[in-house]
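Source file: target-v3.csv; contents: CSV, C-alpha atoms.
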```csv
chain,number,residue,atom,x,y,z
A,1,MET,CA,13.9,-165.0,135.3
A,2,THR,CA,15.2,-168.2,136.9
A,3,LYS,CA,16.7,-170.7,134.4
A,4,LYS,CA,15.3,-174.2,134.4
A,5,THR,CA,17.5,-177.0,135.8
A,6,TRP,CA,18.5,-180.2,134.1
A,7,GLY,CA,15.9,-182.0,136.2
A,8,GLN,CA,13.1,-179.8,135.0
A,9,PHE,CA,14.2,-180.2,131.4
A,10,LEU,CA,14.5,-184.0,131.6
A,11,ARG,CA,11.0,-184.2,132.9
A,12,ASN,CA,9.9,-182.9,129.6
A,13,ASN,CA,9.2,-185.8,127.1
A,14,SER,CA,10.0,-183.8,124.0
A,15,PHE,CA,13.3,-182.6,125.4
A,16,ARG,CA,14.3,-186.1,126.5
A,17,ASN,CA,13.4,-187.5,123.0
A,18,LYS,CA,15.4,-184.8,121.2
A,19,LEU,CA,18.4,-185.2,123.5
A,20,ALA,CA,18.4,-189.0,123.1
A,21,ALA,CA,18.0,-188.8,119.3
A,22,GLY,CA,20.8,-186.3,119.1
A,23,ILE,CA,23.1,-188.4,121.2
A,24,ILE,CA,22.3,-191.5,119.1
A,25,LEU,CA,22.9,-189.7,115.8
A,26,LEU,CA,26.2,-188.3,117.1
A,27,GLY,CA,27.3,-191.8,118.0
A,28,LEU,CA,26.4,-193.1,114.6
A,29,LEU,CA,28.3,-190.2,112.9
A,30,ILE,CA,31.4,-190.9,115.0
A,31,ALA,CA,31.3,-194.5,114.1
A,32,PHE,CA,30.7,-193.7,110.4
A,33,LEU,CA,33.3,-190.9,109.9
A,34,PRO,CA,36.5,-193.0,109.9
A,35,TYR,CA,35.2,-195.2,107.1
A,36,TYR,CA,33.9,-192.2,105.2
A,37,PHE,CA,37.2,-190.3,105.4
A,38,ALA,CA,39.1,-193.4,104.3
A,39,PHE,CA,36.8,-193.4,101.2
A,40,ILE,CA,37.3,-189.8,100.3
A,41,GLU,CA,41.1,-190.0,100.9
A,42,ALA,CA,41.3,-192.8,98.4
A,43,ARG,CA,39.5,-191.1,95.5
A,44,LYS,CA,40.8,-188.6,93.0
A,45,GLY,CA,40.0,-185.0,93.3
A,46,ILE,CA,40.5,-181.6,91.7
A,47,LEU,CA,43.6,-179.5,92.4
A,48,ILE,CA,42.6,-175.8,92.7
A,49,ASP,CA,44.9,-173.0,91.7
A,50,ASP,CA,44.5,-170.8,94.8
A,51,LEU,CA,45.9,-167.3,94.4
A,52,VAL,CA,45.7,-166.6,98.1
A,53,LEU,CA,47.7,-169.7,99.1
A,54,ASP,CA,50.3,-168.9,96.4
A,55,PHE,CA,51.2,-165.8,98.4
A,56,ILE,CA,51.3,-167.6,101.8
A,57,GLN,CA,54.4,-169.6,102.7
A,58,SER,CA,53.1,-172.7,104.5
A,59,ALA,CA,54.0,-173.0,108.2
A,60,ASN,CA,53.1,-175.3,111.0
A,61,VAL,CA,50.6,-173.5,113.3
A,62,SER,CA,49.0,-176.6,114.7
A,63,ILE,CA,49.6,-175.6,118.4
A,64,PRO,CA,47.8,-172.2,118.3
A,65,THR,CA,45.0,-173.7,116.2
A,66,PHE,CA,44.6,-176.6,118.6
A,67,ILE,CA,44.7,-174.3,121.7
A,68,ILE,CA,42.1,-171.9,120.3
A,69,ILE,CA,39.7,-174.6,119.1
A,70,TRP,CA,39.7,-176.7,122.3
A,71,SER,CA,39.9,-173.8,124.7
A,72,ILE,CA,36.7,-172.4,123.1
A,73,SER,CA,35.2,-175.9,123.1
A,74,LEU,CA,35.9,-176.5,126.8
A,75,TRP,CA,34.6,-173.1,127.7
A,76,TYR,CA,31.4,-173.8,125.6
A,77,LEU,CA,31.0,-177.2,127.3
A,78,VAL,CA,31.1,-175.6,130.7
A,79,LYS,CA,28.5,-173.0,129.7
A,80,SER,CA,26.2,-175.7,128.1
A,81,PHE,CA,26.3,-177.9,131.2
A,82,LYS,CA,24.7,-174.9,133.0
A,83,ASP,CA,22.1,-174.5,130.2
A,84,PRO,CA,20.4,-177.7,128.9
A,85,ALA,CA,18.8,-175.8,126.0
A,86,LEU,CA,22.2,-174.6,124.8
A,87,MET,CA,23.6,-178.2,125.1
A,88,LEU,CA,20.7,-179.5,123.0
A,89,LEU,CA,21.2,-176.8,120.4
A,90,ILE,CA,24.9,-177.4,120.0
A,91,LEU,CA,24.4,-181.2,119.9
A,92,TRP,CA,22.0,-180.8,116.9
A,93,GLY,CA,24.1,-178.0,115.4
A,94,PHE,CA,27.1,-180.3,115.3
A,95,ASN,CA,25.1,-183.2,113.9
A,96,VAL,CA,23.6,-181.0,111.1
A,97,LEU,CA,27.0,-179.6,110.4
A,98,SER,CA,28.6,-183.0,110.2
A,99,ILE,CA,25.9,-184.3,107.9
A,100,SER,CA,26.3,-181.2,105.6
A,101,ARG,CA,30.1,-181.7,105.5
A,102,ILE,CA,29.6,-185.4,104.5
A,103,ILE,CA,27.5,-184.3,101.6
A,104,SER,CA,29.6,-181.3,100.6
A,105,ILE,CA,32.9,-183.2,100.7
A,106,TYR,CA,31.3,-185.9,98.6
A,107,LEU,CA,29.9,-183.5,96.0
A,108,VAL,CA,33.1,-181.4,95.8
A,109,PRO,CA,36.1,-183.8,95.5
A,110,LEU,CA,39.3,-181.9,95.9
A,111,GLU,CA,43.0,-182.7,96.1
A,112,PRO,CA,44.9,-181.1,99.0
A,113,PRO,CA,46.7,-177.8,98.5
A,114,ALA,CA,50.4,-177.8,97.6
A,115,ASP,CA,52.8,-177.5,100.6
A,116,LEU,CA,50.1,-178.8,103.0
A,117,ILE,CA,51.5,-179.4,106.5
A,118,GLU,CA,49.8,-182.0,108.7
A,119,LEU,CA,47.5,-180.4,111.2
A,120,ILE,CA,48.3,-182.0,114.6
A,121,ASP,CA,45.1,-182.2,116.6
A,122,PRO,CA,45.1,-185.4,118.6
A,123,ILE,CA,41.5,-185.0,119.7
A,124,THR,CA,39.9,-184.3,116.3
A,125,ASN,CA,42.2,-186.7,114.5
A,126,SER,CA,41.0,-189.5,116.7
A,127,PHE,CA,37.6,-189.4,114.9
A,128,TYR,CA,39.4,-189.7,111.5
A,129,GLY,CA,41.0,-193.1,112.0
A,130,ALA,CA,44.7,-193.8,112.1
A,131,LYS,CA,45.7,-191.8,109.0
A,132,PHE,CA,45.8,-188.1,108.7
A,133,ILE,CA,43.1,-187.0,106.3
A,134,THR,CA,44.0,-184.4,103.7
A,135,LYS,CA,40.9,-184.4,101.4
A,136,ASP,CA,38.1,-183.4,103.9
A,137,LEU,CA,38.3,-180.0,102.3
A,138,PHE,CA,35.0,-178.3,101.3
A,139,PHE,CA,34.3,-176.9,103.8
A,140,SER,CA,36.6,-176.3,106.7
A,141,GLY,CA,35.2,-178.2,109.7
A,142,HIS,CA,37.4,-176.5,112.3
A,143,THR,CA,36.3,-173.0,111.2
A,144,ALA,CA,32.6,-173.9,110.6
A,145,THR,CA,32.3,-175.5,114.1
A,146,LEU,CA,33.4,-172.3,115.7
A,147,VAL,CA,31.0,-170.2,113.6
A,148,CYS,CA,28.2,-172.6,114.6
A,149,LEU,CA,29.1,-172.2,118.2
A,150,ALA,CA,29.0,-168.4,117.9
A,151,LEU,CA,25.6,-168.5,116.3
A,152,CYS,CA,24.2,-170.8,119.0
A,153,LEU,CA,25.3,-168.4,121.8
A,154,LYS,CA,22.8,-165.8,123.1
A,155,GLU,CA,25.1,-163.1,124.6
A,156,ARG,CA,26.6,-160.7,122.2
A,157,ARG,CA,30.0,-160.6,124.0
A,158,ASP,CA,30.3,-164.4,123.8
A,159,GLN,CA,29.3,-164.4,120.1
A,160,VAL,CA,32.1,-161.9,119.4
A,161,ILE,CA,34.7,-163.9,121.2
A,162,VAL,CA,33.9,-167.1,119.4
A,163,PHE,CA,33.4,-165.5,116.0
A,164,THR,CA,36.8,-163.8,116.4
A,165,SER,CA,38.3,-167.2,117.2
A,166,ALA,CA,36.7,-168.6,114.0
A,167,ILE,CA,38.4,-165.9,112.0
A,168,ILE,CA,41.8,-166.6,113.5
A,169,VAL,CA,41.4,-170.3,113.0
A,170,GLY,CA,40.4,-169.7,109.4
A,171,ILE,CA,43.6,-167.7,108.8
A,172,LEU,CA,45.7,-170.4,110.6
A,173,VAL,CA,44.4,-173.3,108.4
A,174,LEU,CA,45.3,-171.2,105.4
A,175,ILE,CA,48.8,-170.5,106.7
A,176,GLN,CA,49.2,-174.3,107.2
A,177,HIS,CA,47.7,-175.0,103.7
A,178,VAL,CA,45.3,-177.6,105.0
A,179,HIS,CA,42.4,-175.8,103.3
A,180,TYR,CA,41.8,-173.7,100.2
A,181,THR,CA,40.5,-170.2,100.5
A,182,ILE,CA,37.1,-171.3,99.3
A,183,ASP,CA,36.9,-173.9,102.1
A,184,VAL,CA,37.3,-171.2,104.7
A,185,ILE,CA,34.9,-168.7,103.1
A,186,ALA,CA,32.3,-171.4,102.8
A,187,ALA,CA,32.8,-172.3,106.5
A,188,PHE,CA,31.5,-168.8,107.3
A,189,ILE,CA,28.4,-169.2,105.1
A,190,PHE,CA,27.1,-172.7,105.7
A,191,PRO,CA,26.5,-172.2,109.5
A,192,PHE,CA,24.1,-169.4,108.8
A,193,ILE,CA,22.0,-172.0,106.9
A,194,LEU,CA,22.6,-174.9,109.2
A,195,VAL,CA,22.1,-173.4,112.7
A,196,PRO,CA,18.5,-172.3,111.9
A,197,ILE,CA,17.8,-175.9,110.9
A,198,ALA,CA,19.2,-177.0,114.3
A,199,LYS,CA,17.1,-174.4,116.0
A,200,ARG,CA,13.9,-175.7,114.3
A,201,ILE,CA,14.8,-179.2,115.5
A,202,CYS,CA,15.4,-178.0,119.0
A,203,ALA,CA,12.3,-175.8,119.2
A,204,PRO,CA,10.8,-174.8,121.6
A,205,PHE,CA,13.9,-175.3,123.8
A,206,ASN,CA,16.1,-172.5,122.3
```
This entry written out as structure tokens:
Amino acid sequence: MTKKTWGQFLRNNSFRNKLAAGIILLGLLIAFLPYYFAFIEARKGILIDDLVLDFIQSANVSIPTFIIIWSISLWYLVKSFKDPALMLLILWGFNVLSISRIISIYLVPLEPPADLIELIDPITNSFYGAKFITKDLFFSGHTATLVCLALCLKERRDQVIVFTSAIIVGILVLIQHVHYTIDVIAAFIFPFILVPIAKRICAPFN
């Protein structure tokens, strides 16, 4: 079966409207997030006694974390440019994920883990503002984003590759003590709720 081209998709009013709405919402989120993260960074939170982190000596693994996340993201971007429906789905998947994290971080105020080492990610950190944010904890955005990507993909092999990457990143953020164990566990649960919502928004183009 021949895949539809971008031109064919863009001639569909529903697709154009959903794509435009997704891009506008993404722009609003990008503009809002630095102010939001400044707010959560200034408030008091709860310090969790994490038994898993107690057994892990913190180490700076920013480079492998950065390489995995953005290699997968670039690969996914190339795939989605060839598949407009996939592009629409991940756009709304990311929007729904971002909104859910805004809510969950607000409802679960946490202090950063002990021995946290700053995660150096020049691309992601540019959305956070000038200061490194330590309290965007519940749930792990780096891990959850990869899980969302895996759930949006159609081919089993691709899903396995991205889901495996999510597991590795989840382990790496624990090694660096930038998240609690519960943050990483939740990052593997929430996408199974959020991606179906994105798919409903994008229907019938998924």
(Q) Using only C-alpha atoms, which protein or nucleic acid residues come within 12 Å of range 55-72 of chain A? Drop anything in the same chain fewer than 5 positions from it, and give the result as a count of residues only. (A) 50
At most 10 Å from (40.5, -190.5, 100.4), file frame, all atoms listed in the file: which residues, as a PDB file with C-alpha atoms, in the coordinates of the input?
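Generated output (part-v7.pdb):
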```pdb
ATOM      1  CA  TYR A  35      35.200-195.200 107.100  1.00  0.00           C
ATOM      2  CA  TYR A  36      33.900-192.200 105.200  1.00  0.00           C
ATOM      3  CA  PHE A  37      37.200-190.300 105.400  1.00  0.00           C
ATOM      4  CA  ALA A  38      39.100-193.400 104.300  1.00  0.00           C
ATOM      5  CA  PHE A  39      36.800-193.400 101.200  1.00  0.00           C
ATOM      6  CA  ILE A  40      37.300-189.800 100.300  1.00  0.00           C
ATOM      7  CA  GLU A  41      41.100-190.000 100.900  1.00  0.00           C
ATOM      8  CA  ALA A  42      41.300-192.800  98.400  1.00  0.00           C
ATOM      9  CA  ARG A  43      39.500-191.100  95.500  1.00  0.00           C
ATOM     10  CA  LYS A  44      40.800-188.600  93.000  1.00  0.00           C
ATOM     11  CA  GLY A  45      40.000-185.000  93.300  1.00  0.00           C
ATOM     12  CA  PRO A 109      36.100-183.800  95.500  1.00  0.00           C
ATOM     13  CA  LEU A 110      39.300-181.900  95.900  1.00  0.00           C
ATOM     14  CA  GLU A 111      43.000-182.700  96.100  1.00  0.00           C
ATOM     15  CA  ILE A 133      43.100-187.000 106.300  1.00  0.00           C
ATOM     16  CA  THR A 134      44.000-184.400 103.700  1.00  0.00           C
ATOM     17  CA  LYS A 135      40.900-184.400 101.400  1.00  0.00           C
ATOM     18  CA  ASP A 136      38.100-183.400 103.900  1.00  0.00           C
TER      19      ASP A 136
END
```
**Q.** CA of Lys18 in chain A to CA of Ile201 in chain A, distance in Å rounded to a single decimal
**A.**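 For CA of Lys18 in chain A relative to CA of Ile201 in chain A, the distance reads 8.0 Å.
The shortest atom-to-atom distance to Gln8 in chain A, with all atoms listed in the file taken into account, belongs to A:Ala85 out of A:Ala20, A:Leu33, A:Val52, A:Ala85.
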Q: Name the closest residue to Phe132 in chain A among the candidates A:Ser73, A:Pro112, A:Phe9, A:Leu151; distances are taken between atoms, counting all atoms listed in the file.
A: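 Distance minimum relative to Phe132 in chain A lands on A:Pro112.
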Q) Which distance in Å separates CA of Phe138 in chain A and CA of Ile105 in chain A, to one decimal? A) 5.4 Å
Q: Name the closest residue to Leu97 in chain A among the candidates A:Phe192, A:Phe15, A:Phe205, A:Phe81; distances are taken between atoms, counting only C-alpha atoms.
A: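 Of A:Phe192, A:Phe15, A:Phe205, A:Phe81, the one nearest Leu97 in chain A, counting only C-alpha atoms, is A:Phe192.
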At a cut-off of 9 Å, using only C-alpha atoms, what residues contact Leu194 in chain A? Leave out same-chain residues fewer than 6 positions from it and give the result as a JSON list (two decimals) with C-alpha atoms, in the frame of the given file.
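Written output follows (part_36.json):
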```
[["chain", "number", "residue", "atom", "x", "y", "z"],
["A", 93, "GLY", "CA", 24.10, -178.00, 115.40],
["A", 96, "VAL", "CA", 23.60, -181.00, 111.10],
["A", 97, "LEU", "CA", 27.00, -179.60, 110.40],
["A", 100, "SER", "CA", 26.30, -181.20, 105.60],
["A", 148, "CYS", "CA", 28.20, -172.60, 114.60]]
```
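Candidate residues A:Ile30, A:Ile193, A:Cys202, A:Met87 were compared for distance to Asn17 in chain A, and the nearest is A:Cys202, using only C-alpha atoms.
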(Q) Just to confirm, what's the straight-line distance from CA of Ile24 in chain A to CA of Leu91 in chain A in Å (one decimal)? (A)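 Result for CA of Ile24 in chain A versus CA of Leu91 in chain A: 10.5 Å, one decimal.
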